[in-house]
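A quick write-up on the structure given underneath.
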Amino acid sequence: MSTPPPIEVVLYDGPLAPARAWQPRSAGAVVQFEGVVRPTEDGRPLAGLDYEQYEPMTRDGLMGLARETLDGHGLTAIRVEHSIGHVPNHAVSFRLLVASPHRKASLAAMDRFIDRMKREVPLWKVPVWAEEEAGHGCRRAAMRCPVAEWPAHPDAVVLAWAGRCSPVGTEQVGLADATGRVLAEPIAADRDSPAHDVSAMDGYALRLGDFDDAGRLPVAGEVTTGSAPPALPPGQALRIFTGGCVPAGAELVVKREDLGETRELIELQVDRAALLPGQHIRRRGENCSAGTPVVAAGCRCTAAVAGVAAGFGATRLSVFRRVRVGLMVTGDELLPADATPEPWQVRDSNGPAVSAMLGSVPWIKAVSVERGTDDPKELTRRMHGLLERCDAVVTTGGVSMGDHDYIPAVVRAVGGEVVFHKLPVRPGRPLLGGIGPSGQPIIALPGNPVSAMATLRRFGLVALRRLAGFTDPLPPSASAEVEGFDAKPLGLWVYRLVRVTGLGRASLVVSRGSGDYASAARSDGLIEVPPGTMDLDRAAYYPWAID
Amino acid sequence: MARYTVKLFGPQARLAQQREVAVEVAGDTTQAREILAAVGAACPALVASLASSRLAVNHAYAPGDTPVRPGDEVALIGMLGGG
């Protein structure tokens, strides 16, 4: 990780993206504060806050204050992030990071900075009341201050949406059925690990002072694995193997490589001064003591977790039940895959693609698929049914600007709420995030096949992971070196199809656009290209396969 | 009489229902405190918030005795709410 500059001030248009790693060199303390937009003010529901700046003074004001704080408190570094424009409730609008050699300076600096910023820096917030939100868009657009920044990452908007959903219920399952599921309760150690002092080497357990002047010591016998250890007789050694329980009275284990040995006698082959008490002994409770949580709730039950659970006697685990996802593909032009379409019709590819993407995920229950025509009454009826039977609903199509794009109206007709509609991303700008009347996420994907897959993988999954009980709803990404990147910079977050070409390496897949599903079939996943990117060596990589 | 345009932001812009307020003050040069008082006279909705407000002239905070000339950029900085 490269060390950040000592002073950074960044203004974003809209909510802040989740914090990224920030670790100034030589800091002994790093403190981070985040300001989150509250859902109410004086008991009145808020839709969010509009932040304004006085462009010629705001950034300079923050820079000056940051510099004074850095100098005045002896900080190593300071970074200020602040939103301008609309920030929905639950989203982060302000982040302050300070680093210093010692804790007290950072804590004092943080408090002082925020107090002064609120008094001195030209930044304003105006509440946007929930009941005014419908008519607010035009007014907000007209009064918005210009910001010379690229759009903020939509993760913040998506996280705020997902944060309104609650994880599904829990159930107890046997260890064999827990693989891939999300833990609802931590796994705790039922005893110390190791449960006894054990040898870390094949060798001999002994007392250092028992060697004679020539470095020789008789061997009394052996510590048998799986049996209680015998007592160590005075003036003798016991043969022991890796993992064997160290007998009472033994000070250390000398490894076989450092000894000459016969069945009855060992003889030191190394300088006695090199031997230290405690050597090659793993102490009881060194890994963890009884009662310590060893795997946190909100994690997937991987093979390693299953092993740990078994090791600590947790044969039944509390896990979140599988998320039931209902899928509705929409469009009069769609036919089943086994039909023979006319030129003006298409076979539905989104249904099978989304089913395949989600159906193999161990924390998702079989996806039920329905096909809806472009009839708002029928779509509303189907949506009602899916919301009754499922924890989440995914739709494809019907969210763009066409006359038959009914999904936003359908979400409202079933008593739901459109939380966001359209993100600064390509492909997939029309993505809609809604909340059903019982708090179910409604993930309305665009109809173009590549857009649908990309937005489900990158953003829809956030809500599904939240439902599934993951501690971090953001899907994990890897980073990949990208070969042959070439693109004109766009003011959007761009997702490009890539094929993995080696360990941590990927190359772009040629695609003719979001309708070119043949290109998606040649890809292994997506890379994320930040706005304004002209050149790119590495990028976040999201494989199609979901854990 | 010289005419000045004072920029408004945030809650004060909402209170005034405008982004700028125009004021007139006698003389070719005036002081920041006279413009502040003139803002209150021109826009009574802002009077209550002026005691805790400052003017910025040409992008710098201006104490009350700061001279202001026609053509200077004047902004009302009050009811701040960063964070």
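In the structure tokens, chains take the letters A, B, ... in the order shown, each chain's residues start at 1, and ligands count up from 1 in the order shown.
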Check every residue of chain B for an atom within 10 Å of chain A, counting only C-alpha atoms, and provide those that qualify as a list of chain:residue names.
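Going by the stated atoms only, the list reads B:Lys7, B:Leu8, B:Phe9, B:Gly10, B:Pro11, B:Gln12, B:Ala13, B:Arg14, B:Gln18, B:Arg19, B:Ser52, B:Arg54, B:Ala56, B:Asn58, B:His59, B:Ala60, B:Tyr61, B:Ala75, B:Leu76, B:Ile77, B:Gly78, B:Met79, B:Leu80, B:Gly81, B:Gly82, B:Gly83.
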Find the residues near A:Thr455: any atom within 12 Å, counting only C-alpha atoms, skip ones fewer than 2 places away on the same chain, and give them as a ChimeraX atom specification.
/A:154-155,158,354,394-396,422-433,443-453,457-463,493-496,514,525-526,528,542,544
Go through A:Met201, A:Val308, A:Val31, A:Ala156 one by one, measure the shortest atom-to-atom distance of each to A:Ile281 using only C-alpha atoms, and give the residue with the smallest value.
A:Met201
Surrounding residues of B:Ala48 excluding itself and chain neighbours under 5 positions, 12 Å, only C-alpha atoms, as an MDAnalysis selection string:
chainID B and resid 12 15:16 37 39:41 43 53 78:79
Which is closer to B:Gln17 than all the others in B:Ile35, B:Ala62, B:Ala51, B:Ala45, using only C-alpha atoms?
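Closest candidate: B:Ala45.
Considering only C-alpha atoms, the residue among A:Ala309, A:Ala220, A:Ser100, A:Ala205 positioned nearest to A:Thr179 is A:Ala309.
Going from atom CA of A:Arg283 to atom CA of A:Pro218 covers 25.3 Å.
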For B:Arg3, which residue out of B:Pro70, B:Ala42, B:Val57, B:Ser49 is the nearest one, using only C-alpha atoms?
B:Pro70
Pick out the residues sitting within 10 Å of A:Leu327, and hand them over as a list of chain:residue names; count only C-alpha atoms, and ignore anything fewer than 3 positions along from it in its own chain.
A:Arg324, A:Thr330, A:Asn350, A:Gly351, A:Val354, A:Ser355, A:Val367, A:Ser368, A:Val369, A:Glu370, A:Arg371, A:Met383, A:Leu386, A:Cys390, A:Ala392, A:Val393, A:Val394, A:Thr395, A:Thr396, A:Ile442, A:Ile443, A:Ala444
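Straight-line separation from atom CA of A:Ala188 to atom CA of A:Arg300: 15.4 Å.
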Give me, please, the distance in Å between atom CA of A:Leu159 and atom CA of A:Ser519, quoted to one decimal.
29.5 Å
Apply DSSP to the backbone of this structure and, from stretch 276-434 of chain A, keep only the residues in strand (DSSP E); write these as number ranges by chain.
A: 281-282, 293-295, 316-320, 323-330, 334-335, 346-347, 364-372, 392-396, 417-421, 425-426, 432-434
Export of prior selection with C-alpha atoms as an mmCIF file, in the first residue's frame:
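Wrote it out as again-v5.cif, contents follow:
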```cif
data_model
loop_
_atom_site.group_PDB
_atom_site.id
_atom_site.type_symbol
_atom_site.label_atom_id
_atom_site.label_comp_id
_atom_site.auth_asym_id
_atom_site.auth_seq_id
_atom_site.Cartn_x
_atom_site.Cartn_y
_atom_site.Cartn_z
ATOM 1 C CA ILE A 281 6.473 -26.297 23.143
ATOM 2 C CA ARG A 282 3.129 -24.883 22.064
ATOM 3 C CA PRO A 293 -15.282 -16.842 19.665
ATOM 4 C CA VAL A 294 -13.144 -18.301 16.895
ATOM 5 C CA VAL A 295 -15.441 -17.675 13.908
ATOM 6 C CA ARG A 316 -24.998 -28.197 14.862
ATOM 7 C CA LEU A 317 -24.646 -24.623 13.726
ATOM 8 C CA SER A 318 -27.007 -21.668 13.780
ATOM 9 C CA VAL A 319 -27.140 -20.320 10.226
ATOM 10 C CA PHE A 320 -29.341 -17.870 8.356
ATOM 11 C CA VAL A 323 -32.726 -16.483 0.845
ATOM 12 C CA ARG A 324 -35.744 -17.240 -1.336
ATOM 13 C CA VAL A 325 -35.431 -15.241 -4.530
ATOM 14 C CA GLY A 326 -38.276 -14.797 -6.970
ATOM 15 C CA LEU A 327 -37.443 -13.801 -10.533
ATOM 16 C CA MET A 328 -39.748 -12.171 -13.037
ATOM 17 C CA VAL A 329 -38.533 -11.521 -16.561
ATOM 18 C CA THR A 330 -40.647 -9.020 -18.450
ATOM 19 C CA LEU A 334 -39.802 -12.854 -24.866
ATOM 20 C CA LEU A 335 -40.354 -16.521 -25.644
ATOM 21 C CA VAL A 346 -36.377 -13.143 -28.772
ATOM 22 C CA ARG A 347 -35.829 -16.164 -26.605
ATOM 23 C CA ILE A 364 -29.853 -18.843 -1.899
ATOM 24 C CA LYS A 365 -32.848 -21.127 -2.246
ATOM 25 C CA ALA A 366 -33.961 -22.262 -5.691
ATOM 26 C CA VAL A 367 -34.977 -19.291 -7.790
ATOM 27 C CA SER A 368 -38.565 -19.318 -8.951
ATOM 28 C CA VAL A 369 -38.956 -17.817 -12.422
ATOM 29 C CA GLU A 370 -41.995 -16.140 -13.921
ATOM 30 C CA ARG A 371 -42.425 -14.447 -17.267
ATOM 31 C CA GLY A 372 -44.561 -11.316 -17.314
ATOM 32 C CA ALA A 392 -36.383 -10.820 -2.495
ATOM 33 C CA VAL A 393 -37.635 -10.184 -5.993
ATOM 34 C CA VAL A 394 -35.456 -9.757 -9.056
ATOM 35 C CA THR A 395 -36.979 -8.452 -12.272
ATOM 36 C CA THR A 396 -35.453 -7.898 -15.678
ATOM 37 C CA GLU A 417 -40.900 2.287 -2.561
ATOM 38 C CA VAL A 418 -38.410 3.149 -5.280
ATOM 39 C CA VAL A 419 -35.240 3.875 -3.315
ATOM 40 C CA PHE A 420 -33.045 4.653 -6.308
ATOM 41 C CA HIS A 421 -33.499 4.519 -10.039
ATOM 42 C CA VAL A 425 -22.738 3.130 -14.332
ATOM 43 C CA ARG A 426 -22.353 1.549 -17.747
ATOM 44 C CA LEU A 432 -33.715 0.304 -9.882
ATOM 45 C CA GLY A 433 -33.554 -0.566 -6.208
ATOM 46 C CA GLY A 434 -36.868 -0.828 -4.418
#
```
